[in-house]
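Engineer: The structure is given below, and queries will be raised subsequently.
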Amino acid sequence: MQRVGSKSADQYRLLDVAGVTKYFGEDLERQVCLENCSFGIAPGKLSILMGPSGCGKTTLINLIAGYEFPDSGSIMLEGTSVSGPGSDRLVVFQESALFPWMTVYGNVVFGCKVKGLSQMETTERAKQILSKVGLYEFRERYPSQLSGGMQRRAELARALINDPKLMILDEPFRGLDAMTKELMQEFYLKLFEETTLTTLFVTHDLEEAIFMADSLVLLTHKPGRVKEILDIDLPRPRHFSMMASKQYFDLYGYAMGLLAEESRRAFDAGSLPALDAISDPI
Amino acid sequence: MSLNALPLKIPDVTVRVLSYIRGALSVKTLEGVASVVAFVALWQAAVFVQVPYISNLPYPADVWNSFAEAARTENYWISWAASLKRIFVSFLVAQALGIPLGLFMGMSRSFKQILFPVFEIVRPIPPIAWIPLAILFWPTEELSIYALTFIGPFFVIVLNVMQGVASIDVSLKRAALSLGARRIDIFWKIMLPGALPSILTGMTVGIGVAWNVLIAAEMIAGHTGLGRMTWEAYTNGNIPLIIVGMASIGLAGYLCSGVVRFIGQRCMPWKNRF
């Protein structure tokens with residue numbers, strides 16, 4: 001078989017997930033959610049986490065964010081063990097987690113305020129970030145007065161203003177209409193290529209994954225283990241036209257094969273497969 | 001001179017007055033007026049044709065005259081003031097104690113486990129059932145009325161706040177923690193505003209309960225107040241004044257609910273409606 005993706009070479013890792021196991025439930029009802037999961041994220045790279053529904057992606061995100069703790073194994077950020085939530089790893093959640101009672105501006109400066117940054121610096125940085133995501137004009141609006149795409153951008157701004165070392169996006173564009181989703185992908189990609197902000201991105205959408213990623217971490221169906229890590233060596237900056245290239249198709253086909261295998265296992269085991277992950281390319 | 005030369009800009013005030021008149025003449029308003037008129041007409045007719053059991057009811061005009069007469073006496077307005085003062089103080093104290101208690105019970109599991117069982121035993125007792133004990137327990141009748149009017153809304157608000165805190169999305173708390181919030185930030189910036197819709201629901205329901213209890217307490221234990229006035233009208237056999245008292249209580253309750261709603265809208269600008 002033609003080799004389309006190479007295994008990640010050992011290199012310096014910003015985030016190191018080593019042998020992470022996580023159980024759910026207690027005693028007899030205990031289930032293995034993640035089993036001996038190991039992977040790393042190199043600085044300045046965009047890594048994508050994929051796997052069938054219920055494989056533990058969100059749990060893994062919660063562990064990395066520090067909301068929960070692994071039963072065994074370790075998660076290190078720049079050599080320091082993750083011991084709780086922190087603004088060096090910021091999550092953009094599946095469902096909007098903007099504070100509904102704060103304006104866009106209030107949301108964006110929240111991190112600066114609780115950390116006690118000076119008023120002047122806060123205002124300056126907020127202005128800069130809001131302009132960057134195109135929401136400066138909308139800073140006095142409440143989240144409920146924004147469109148889905150704008151909410152996502154506000155959430156990105158709220159995270160970016162804190163200069164995180166790792167950006168975690170848990171299916172951030174789910175629930176957006178097709179056009180907005182595409183624009184948001186383009187937007188994030190551009191932002192990433194400008195800032196090379198290390199990113200861990202969870203998605204169900206293989207097209208999105210290959211289009212955006214430097215490396216693709218595929219998880220198995222229950223219990224979640226790392227099935228394979230694929231390097232996506234499409235050149236940057238990425239452009240939608242690349243989705244018609246042979247390289248893209250080869251990667252897509254190969255990854256699809258792996259994913260379909262796991263999705264089928266999930267399906268046979270009774271859980272719903274990630275349908276959008278096994279749709280036809282383009 | 002052509003017409004075009006005339007300034008066609010209508011002054012702001014005119015626009016506002018016009019829109020106000022249009023609002024006053026809207027279908028909704030007309031329907032409201034029609035409904036009230038129909039009610040009074042029905043009442044008039046029912047008394048006129050001597051419908052059994054309500055033939056003793058005075059005519060609307062008698063009630064109106066009774067009101068006009070009462071409104072000229074100082075006593076009527078003293079009753080209003082007494083009832084409003086009791087509501088205000090008791091309701092305020094109920095909120096001041098109930099909101100923090102609800103927040104703590106919603107936030108801390110151990111706090112809830114200690115307090116909630118007792119709370120659940122005491123809560124189902126209707127506030128009116130506290131009247132005998134309250135009269136015996138408190139040194140003055142005035143204090144017992146305050147205490148009774150406090151109990152009603154207190155339980156309502158605590159339960160609502162507790163439930164409101166529980167319904168706050170965990171991802172909001174997590175997001176705040178990630179962004180560097182400390183416990184105190186979580187309390188003031190996430191829990192409190194997050195529970196605000198429930199707090200205001202609790203207040204809206206609570207103010208109604210407070211009036212219920214207050215009127216009952218006044219009838220039994222009070223010397224003044226709208227409830228007392230209505231009760232005295234009954235003992236004097238003054239039926240028109242009974243109805244004036246009832247209508248006054250209704251109006252007072254309506255005004256209080258309006259104030260609570262108004263505060264609610266002011267406190268939650270992120271909600272278009274409450």
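Chain identifiers are assigned as A, B, and so on, following the order in which chains appear in the structure tokens; residues are numbered from 1 within each chain, and ligands are numbered from 1 in order of appearance.
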Please, which residues in chain A fall within 9 Å of chain B when counting only C-alpha atoms, and what is the closest atom pair and distance in Å to one decimal for each, ordered by chain then residue number, as a Markdown table?
Structural biologist:
| residue | atom | partner | partner_atom | distance |
| --- | --- | --- | --- | --- |
| A:Ala65 | CA | B:Ser178 | CA | 7.6 |
| A:Gly66 | CA | B:Ser178 | CA | 8.4 |
| A:Tyr67 | CA | B:Arg174 | CA | 7.1 |
| A:Gly84 | CA | B:Ser178 | CA | 8.4 |
| A:Pro85 | CA | B:Ser178 | CA | 4.7 |
| A:Gly86 | CA | B:Ser178 | CA | 4.6 |
| A:Ser87 | CA | B:Leu179 | CA | 5.0 |
| A:Asp88 | CA | B:Ser178 | CA | 8.3 |
| A:Arg89 | CA | B:Ser178 | CA | 7.4 |
| A:Leu90 | CA | B:Ser178 | CA | 6.3 |
| A:Val91 | CA | B:Ala175 | CA | 7.3 |
| A:Val92 | CA | B:Ala175 | CA | 8.3 |
| A:Phe93 | CA | B:Ser171 | CA | 7.6 |
| A:Glu95 | CA | B:Ser171 | CA | 8.5 |
| A:Ser96 | CA | B:Ser171 | CA | 8.7 |
| A:Ala97 | CA | B:Leu172 | CA | 5.3 |
| A:Leu98 | CA | B:Leu172 | CA | 7.1 |
| A:Phe99 | CA | B:Leu172 | CA | 6.6 |
| A:Pro100 | CA | B:Trp270 | CA | 6.8 |
| A:Trp101 | CA | B:Trp270 | CA | 5.6 |
| A:Met102 | CA | B:Trp270 | CA | 7.6 |
| A:Thr103 | CA | B:Trp270 | CA | 8.1 |
| A:Phe110 | CA | B:Leu179 | CA | 7.4 |
| A:Gly111 | CA | B:Leu179 | CA | 4.8 |
| A:Cys112 | CA | B:Leu179 | CA | 8.3 |
| A:Lys113 | CA | B:Ala181 | CA | 9.0 |
| A:Val114 | CA | B:Ala181 | CA | 5.5 |
| A:Lys115 | CA | B:Gly180 | CA | 6.5 |
| A:Arg141 | CA | B:Trp270 | CA | 8.7 |
| A:Tyr142 | CA | B:Trp270 | CA | 5.9 |
| A:Pro143 | CA | B:Trp270 | CA | 8.2 |
| A:Ser144 | CA | B:Trp270 | CA | 7.5 |
| A:Gln145 | CA | B:Trp270 | CA | 8.6 |
| A:Arg158 | CA | B:Leu179 | CA | 8.6 |
| A:Ala159 | CA | B:Leu179 | CA | 7.6 |
| A:Asn162 | CA | B:Leu179 | CA | 7.8 |
Engineer: Where in region 83-156 of chain B does DSSP assign alpha helix (DSSP H), given as an MDAnalysis selection string?
Structural biologist: chainID B and resid 83:107 109:122 131:137 141:156
Engineer: Those same residues, written as a CSV table (one decimal), in the first residue's frame with C-alpha atoms?
Structural biologist:
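As a result, again.csv now contains:
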chain,number,residue,atom,x,y,z
B,83,SER,CA,-49.5,47.3,54.6
B,84,LEU,CA,-46.9,48.6,52.2
B,85,LYS,CA,-44.4,49.2,55.0
B,86,ARG,CA,-44.9,45.7,56.3
B,87,ILE,CA,-44.5,44.2,52.8
B,88,PHE,CA,-41.5,46.3,52.1
B,89,VAL,CA,-39.6,45.4,55.3
B,90,SER,CA,-40.5,41.7,55.4
B,91,PHE,CA,-39.9,41.1,51.7
B,92,LEU,CA,-36.6,42.9,51.9
B,93,VAL,CA,-35.4,40.9,54.9
B,94,ALA,CA,-36.7,37.7,53.2
B,95,GLN,CA,-34.6,38.5,50.1
B,96,ALA,CA,-31.6,39.6,52.1
B,97,LEU,CA,-31.5,36.3,54.0
B,98,GLY,CA,-32.9,34.0,51.4
B,99,ILE,CA,-30.7,34.9,48.4
B,100,PRO,CA,-27.4,34.3,50.2
B,101,LEU,CA,-28.8,31.1,51.8
B,102,GLY,CA,-30.0,29.8,48.5
B,103,LEU,CA,-26.7,30.7,46.8
B,104,PHE,CA,-24.7,28.8,49.5
B,105,MET,CA,-27.0,25.9,49.4
B,106,GLY,CA,-26.7,25.7,45.7
B,107,MET,CA,-22.9,26.1,45.7
B,109,ARG,CA,-22.9,20.3,48.7
B,110,SER,CA,-22.1,19.9,52.4
B,111,PHE,CA,-23.9,23.1,53.3
B,112,LYS,CA,-27.0,21.8,51.5
B,113,GLN,CA,-26.8,18.3,53.1
B,114,ILE,CA,-26.8,19.9,56.5
B,115,LEU,CA,-29.6,22.4,55.9
B,116,PHE,CA,-31.8,21.0,53.3
B,117,PRO,CA,-33.5,18.2,55.3
B,118,VAL,CA,-34.7,20.6,58.0
B,119,PHE,CA,-35.6,23.1,55.3
B,120,GLU,CA,-37.8,20.5,53.6
B,121,ILE,CA,-39.6,19.6,56.8
B,122,VAL,CA,-40.5,23.2,57.6
B,131,ILE,CA,-50.0,32.5,62.7
B,132,PRO,CA,-50.9,31.2,66.1
B,133,LEU,CA,-47.3,30.4,67.0
B,134,ALA,CA,-46.1,33.8,65.6
B,135,ILE,CA,-48.6,35.7,67.7
B,136,LEU,CA,-47.6,33.8,70.9
B,137,PHE,CA,-43.9,34.0,70.1
B,141,GLU,CA,-48.5,41.9,67.1
B,142,GLU,CA,-46.7,44.1,64.7
B,143,LEU,CA,-43.6,41.9,65.0
B,144,SER,CA,-45.6,38.8,64.4
B,145,ILE,CA,-47.1,40.2,61.3
B,146,TYR,CA,-43.6,41.1,60.0
B,147,ALA,CA,-42.4,37.6,60.9
B,148,LEU,CA,-45.3,35.9,59.1
B,149,THR,CA,-44.9,38.1,56.0
B,150,PHE,CA,-41.3,37.1,56.0
B,151,ILE,CA,-41.8,33.4,56.1
B,152,GLY,CA,-43.9,33.2,52.9
B,153,PRO,CA,-41.5,34.7,50.4
B,154,PHE,CA,-38.4,33.4,52.3
B,155,PHE,CA,-38.9,29.7,51.4
B,156,VAL,CA,-39.9,30.6,47.8
Engineer: Which residue gives the smallest distance to Gly44 (chain A) among A:Thr59, A:Ser263, A:Thr198, A:Thr123, with only C-alpha atoms counted?
Structural biologist: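 Selected residue with least distance to Gly44 (chain A): A:Thr198.
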Engineer: As an exercise, work out the distance from CA of Val104 (chain A) to CA of Glu140 (chain A) in Å and give it to one decimal place.
Structural biologist: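 Here the two named atoms are 6.1 Å from each other.
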Engineer: Which residues come within 9 Å of Leu234 (chain A), counting only C-alpha atoms, excluding same-chain residues fewer than 2 positions away, as an mmCIF file with C-alpha atoms, in the first residue's frame?
Structural biologist:
data_model
loop_
_atom_site.group_PDB
_atom_site.id
_atom_site.type_symbol
_atom_site.label_atom_id
_atom_site.label_comp_id
_atom_site.auth_asym_id
_atom_site.auth_seq_id
_atom_site.Cartn_x
_atom_site.Cartn_y
_atom_site.Cartn_z
ATOM 1 C CA ILE A 210 -7.179 17.322 6.853
ATOM 2 C CA PHE A 211 -7.668 20.817 5.528
ATOM 3 C CA ALA A 213 -4.155 19.970 10.550
ATOM 4 C CA ASP A 214 -0.432 19.428 10.797
ATOM 5 C CA ILE A 232 -0.500 16.030 7.247
ATOM 6 C CA ARG A 236 1.001 26.149 4.280
ATOM 7 C CA PRO A 237 -0.677 28.537 3.893
ATOM 8 C CA ARG A 238 -3.536 26.215 3.158
ATOM 9 C CA MET A 242 -5.803 22.046 -1.995
ATOM 10 C CA GLN A 247 -2.180 14.430 -1.806
ATOM 11 C CA TYR A 248 -5.340 15.542 -0.058
#
Engineer: Just the strand (DSSP E or B) stuff from region 80-139 of chain A, please, per backbone DSSP, written as a PyMOL selection string.
Structural biologist: chain A and resi 80-81+89-92
Engineer: Let me see the file: selected residues, N, CA, C and O atoms, as a tab-separated table (two decimals), in the first residue's frame.
Structural biologist:
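Everything below was put into out04.tsv:
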chain	number	residue	atom	x	y	z
A	80	THR	N	5.67	20.72	32.82
A	80	THR	CA	5.03	20.86	34.12
A	80	THR	C	3.72	20.10	34.10
A	80	THR	O	2.94	20.22	33.16
A	81	SER	N	3.51	19.32	35.16
A	81	SER	CA	2.30	18.52	35.22
A	81	SER	C	1.07	19.41	35.36
A	81	SER	O	1.06	20.37	36.13
A	89	ARG	N	-3.75	27.09	28.99
A	89	ARG	CA	-4.47	26.18	28.07
A	89	ARG	C	-5.91	26.64	28.03
A	89	ARG	O	-6.61	26.47	29.02
A	90	LEU	N	-6.36	27.21	26.97
A	90	LEU	CA	-7.73	27.70	26.98
A	90	LEU	C	-8.61	26.93	26.02
A	90	LEU	O	-8.20	26.56	24.92
A	91	VAL	N	-9.82	26.68	26.48
A	91	VAL	CA	-10.75	25.84	25.72
A	91	VAL	C	-11.85	26.70	25.10
A	91	VAL	O	-12.42	27.54	25.78
A	92	VAL	N	-12.11	26.45	23.84
A	92	VAL	CA	-13.33	26.98	23.23
A	92	VAL	C	-14.27	25.78	23.13
A	92	VAL	O	-13.95	24.78	22.49
Engineer: Smallest atom-to-atom distance to Ala42 (chain A): which of A:Leu259, A:Phe138, A:Leu77, A:Phe187, using only C-alpha atoms?
Structural biologist: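 Residue with the minimum atom-to-atom distance to Ala42 (chain A): A:Leu77.
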Engineer: Within 8 Å of Arg152 (chain A), counting only C-alpha atoms, which residues show up once you throw out same-chain ones fewer than 3 positions away? Write them as a JSON list (two decimals) with N, CA and C atoms, in the first residue's frame, please.
Structural biologist:
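That gives us result.json:
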[["chain", "number", "residue", "atom", "x", "y", "z"],
["A", 96, "SER", "N", -21.55, 27.26, 23.04],
["A", 96, "SER", "CA", -20.99, 28.55, 23.44],
["A", 96, "SER", "C", -20.94, 28.66, 24.95],
["A", 148, "GLY", "N", -24.19, 32.95, 15.37],
["A", 148, "GLY", "CA", -23.36, 31.83, 15.82],
["A", 148, "GLY", "C", -21.88, 32.04, 15.52],
["A", 149, "GLY", "N", -21.59, 32.51, 14.31],
["A", 149, "GLY", "CA", -20.21, 32.74, 13.93],
["A", 149, "GLY", "C", -19.56, 33.81, 14.78],
["A", 155, "GLU", "N", -15.63, 34.16, 21.47],
["A", 155, "GLU", "CA", -15.04, 33.19, 22.38],
["A", 155, "GLU", "C", -13.54, 33.03, 22.10],
["A", 156, "LEU", "N", -13.20, 33.04, 20.81],
["A", 156, "LEU", "CA", -11.79, 32.99, 20.45],
["A", 156, "LEU", "C", -11.05, 34.20, 21.02],
["A", 172, "PRO", "N", -15.44, 23.34, 17.68],
["A", 172, "PRO", "CA", -15.88, 24.73, 17.86],
["A", 172, "PRO", "C", -16.89, 25.18, 16.80],
["A", 173, "PHE", "N", -16.89, 24.53, 15.66],
["A", 173, "PHE", "CA", -17.74, 25.04, 14.58],
["A", 173, "PHE", "C", -18.98, 24.18, 14.38]]
Engineer: Which is closest to Phe267 (chain A) among A:His221, A:Lys181, A:Lys165, A:Lys22, if we use only C-alpha atoms?
Structural biologist: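 When distances to Phe267 (chain A) are compared using only C-alpha atoms, the smallest one comes from A:His221.
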Engineer: So the first atom is CA of Arg265 (chain A) and the second is CA of Val217 (chain A); what is the distance between them in Å, to one decimal place?
Structural biologist: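 Those two atoms sit 17.9 Å apart.
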Engineer: Name all residues at most 12 Å from region 37-50 of chain B (count only C-alpha atoms; drop same-chain ones fewer than 4 positions away) and give them as a VMD selection string.
Structural biologist: chain B and resid 30 to 33 54 to 64
Engineer: Which residues, written as a list in words, have at least one atom at most 10 Å from Leu49 (chain A), with only C-alpha atoms counted and residues fewer than 6 positions away on the same chain left out?
Structural biologist: Lys57, Thr58, Leu60, Ile61, Leu169, Asp170, Glu171, Leu200, Phe201, Val202, Thr203, His204, Ala209, Ala213, Ser215, Leu216, Val217, Leu218, Leu219, Val226 and Ile229 of chain A
Engineer: Given the selection you just returned, output its residues as a file containing all heavy atoms, formatted as a compact mmCIF listing (two decimals), in the first residue's frame.
Structural biologist:
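The new file out.txt reads:
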# COMPACT_ATOMS: atom_id res chain seq x y z
N LYS A 57 -13.02 11.74 23.46
CA LYS A 57 -12.33 12.97 23.04
C LYS A 57 -12.57 14.09 24.04
O LYS A 57 -11.64 14.77 24.46
CB LYS A 57 -12.83 13.43 21.65
CG LYS A 57 -12.54 12.47 20.53
CD LYS A 57 -12.97 13.05 19.20
CE LYS A 57 -14.46 13.27 19.11
NZ LYS A 57 -15.24 12.10 18.75
N THR A 58 -13.84 14.27 24.41
CA THR A 58 -14.16 15.37 25.32
C THR A 58 -13.54 15.13 26.69
O THR A 58 -13.06 16.07 27.32
CB THR A 58 -15.68 15.56 25.40
OG1 THR A 58 -16.15 15.95 24.11
CG2 THR A 58 -16.06 16.63 26.39
N LEU A 60 -10.74 13.59 27.22
CA LEU A 60 -9.33 13.91 27.04
C LEU A 60 -9.12 15.43 27.12
O LEU A 60 -8.18 15.91 27.77
CB LEU A 60 -8.87 13.36 25.68
CG LEU A 60 -7.37 13.22 25.44
CD1 LEU A 60 -6.69 12.53 26.60
CD2 LEU A 60 -7.13 12.46 24.15
N ILE A 61 -10.02 16.17 26.48
CA ILE A 61 -9.95 17.64 26.54
C ILE A 61 -10.09 18.11 27.99
O ILE A 61 -9.32 18.98 28.43
CB ILE A 61 -11.09 18.25 25.69
CG1 ILE A 61 -10.90 17.94 24.21
CG2 ILE A 61 -11.19 19.76 25.92
CD1 ILE A 61 -9.67 18.49 23.60
N LEU A 169 -9.72 23.57 21.01
CA LEU A 169 -11.03 23.85 20.43
C LEU A 169 -11.80 22.55 20.31
O LEU A 169 -11.41 21.65 19.57
CB LEU A 169 -10.88 24.52 19.06
CG LEU A 169 -10.20 25.90 19.08
CD1 LEU A 169 -8.78 25.79 18.60
CD2 LEU A 169 -10.96 26.89 18.24
N ASP A 170 -12.86 22.43 21.08
CA ASP A 170 -13.64 21.20 21.10
C ASP A 170 -14.84 21.36 20.17
O ASP A 170 -15.85 21.94 20.55
CB ASP A 170 -14.10 20.93 22.54
CG ASP A 170 -14.76 19.56 22.68
OD1 ASP A 170 -14.84 18.85 21.66
OD2 ASP A 170 -15.20 19.23 23.79
N GLU A 171 -14.69 20.82 18.98
CA GLU A 171 -15.73 20.96 17.95
C GLU A 171 -16.31 22.37 17.93
O GLU A 171 -17.51 22.56 18.11
CB GLU A 171 -16.86 19.95 18.19
CG GLU A 171 -16.39 18.53 18.01
CD GLU A 171 -17.55 17.57 17.90
OE1 GLU A 171 -18.40 17.80 17.02
OE2 GLU A 171 -17.61 16.62 18.69
N LEU A 200 -4.90 22.44 19.68
CA LEU A 200 -5.49 21.10 19.67
C LEU A 200 -6.96 21.27 19.31
O LEU A 200 -7.68 22.01 19.96
CB LEU A 200 -5.34 20.44 21.04
CG LEU A 200 -5.97 19.04 21.16
CD1 LEU A 200 -5.31 18.08 20.20
CD2 LEU A 200 -5.84 18.52 22.58
N PHE A 201 -7.36 20.58 18.29
CA PHE A 201 -8.64 20.83 17.69
C PHE A 201 -9.40 19.50 17.62
O PHE A 201 -8.87 18.51 17.14
CB PHE A 201 -8.36 21.36 16.28
CG PHE A 201 -9.49 22.07 15.60
CD1 PHE A 201 -9.47 23.44 15.46
CD2 PHE A 201 -10.56 21.35 15.09
CE1 PHE A 201 -10.49 24.11 14.81
CE2 PHE A 201 -11.59 22.01 14.45
CZ PHE A 201 -11.56 23.39 14.31
N VAL A 202 -10.61 19.48 18.13
CA VAL A 202 -11.41 18.26 18.04
C VAL A 202 -12.47 18.46 16.98
O VAL A 202 -13.11 19.51 16.94
CB VAL A 202 -12.11 17.96 19.39
CG1 VAL A 202 -12.99 16.73 19.26
CG2 VAL A 202 -11.08 17.76 20.48
N THR A 203 -12.61 17.48 16.14
CA THR A 203 -13.68 17.58 15.15
C THR A 203 -14.18 16.20 14.76
O THR A 203 -13.54 15.19 15.02
CB THR A 203 -13.22 18.35 13.90
OG1 THR A 203 -14.29 18.41 12.99
CG2 THR A 203 -12.04 17.69 13.24
N HIS A 204 -15.35 16.19 14.16
CA HIS A 204 -15.92 14.97 13.61
C HIS A 204 -15.76 14.95 12.10
O HIS A 204 -16.14 14.00 11.43
CB HIS A 204 -17.43 14.94 13.91
CG HIS A 204 -17.75 14.14 15.11
ND1 HIS A 204 -18.51 14.62 16.13
CD2 HIS A 204 -17.41 12.87 15.45
CE1 HIS A 204 -18.63 13.69 17.05
NE2 HIS A 204 -17.97 12.63 16.67
N ALA A 209 -10.63 18.39 9.16
CA ALA A 209 -9.42 17.94 9.84
C ALA A 209 -8.22 18.01 8.91
O ALA A 209 -7.20 18.62 9.24
CB ALA A 209 -9.62 16.53 10.37
N ALA A 213 -5.11 20.52 9.58
CA ALA A 213 -4.15 19.97 10.55
C ALA A 213 -2.73 19.86 10.06
O ALA A 213 -2.45 19.75 8.86
CB ALA A 213 -4.63 18.59 10.98
N SER A 215 -1.07 17.57 12.17
CA SER A 215 -1.08 16.15 12.49
C SER A 215 -2.45 15.75 13.01
O SER A 215 -3.17 16.56 13.59
CB SER A 215 0.02 15.81 13.50
OG SER A 215 -0.43 15.99 14.80
N LEU A 216 -2.75 14.50 12.73
CA LEU A 216 -4.08 13.99 13.01
C LEU A 216 -3.93 12.84 14.00
O LEU A 216 -3.25 11.86 13.72
CB LEU A 216 -4.66 13.48 11.68
CG LEU A 216 -6.13 13.23 11.55
CD1 LEU A 216 -6.92 14.48 11.88
CD2 LEU A 216 -6.44 12.80 10.11
N VAL A 217 -4.54 13.01 15.18
CA VAL A 217 -4.48 11.94 16.19
C VAL A 217 -5.81 11.20 16.14
O VAL A 217 -6.85 11.76 16.44
CB VAL A 217 -4.25 12.52 17.60
CG1 VAL A 217 -4.19 11.41 18.64
CG2 VAL A 217 -3.00 13.38 17.64
N LEU A 218 -5.76 9.93 15.75
CA LEU A 218 -6.99 9.15 15.64
C LEU A 218 -7.14 8.25 16.85
O LEU A 218 -6.22 7.52 17.21
CB LEU A 218 -6.95 8.29 14.37
CG LEU A 218 -6.94 9.07 13.05
CD1 LEU A 218 -6.70 8.13 11.88
CD2 LEU A 218 -8.25 9.80 12.87
N LEU A 219 -8.30 8.34 17.49
CA LEU A 219 -8.57 7.49 18.65
C LEU A 219 -9.43 6.31 18.25
O LEU A 219 -10.20 6.38 17.29
CB LEU A 219 -9.31 8.29 19.74
CG LEU A 219 -8.55 9.44 20.41
CD1 LEU A 219 -9.40 10.03 21.53
CD2 LEU A 219 -7.22 8.99 20.97
N VAL A 226 -4.87 5.59 21.30
CA VAL A 226 -4.41 6.25 20.08
C VAL A 226 -4.23 5.18 19.01
O VAL A 226 -3.45 4.26 19.17
CB VAL A 226 -3.09 7.01 20.31
CG1 VAL A 226 -2.58 7.58 19.00
CG2 VAL A 226 -3.32 8.13 21.32
N ILE A 229 -1.20 8.21 14.51
CA ILE A 229 -0.97 9.65 14.39
C ILE A 229 -0.45 9.90 12.97
O ILE A 229 0.57 9.34 12.57
CB ILE A 229 0.04 10.15 15.43
CG1 ILE A 229 -0.51 9.88 16.84
CG2 ILE A 229 0.30 11.64 15.25
CD1 ILE A 229 0.45 10.20 17.96
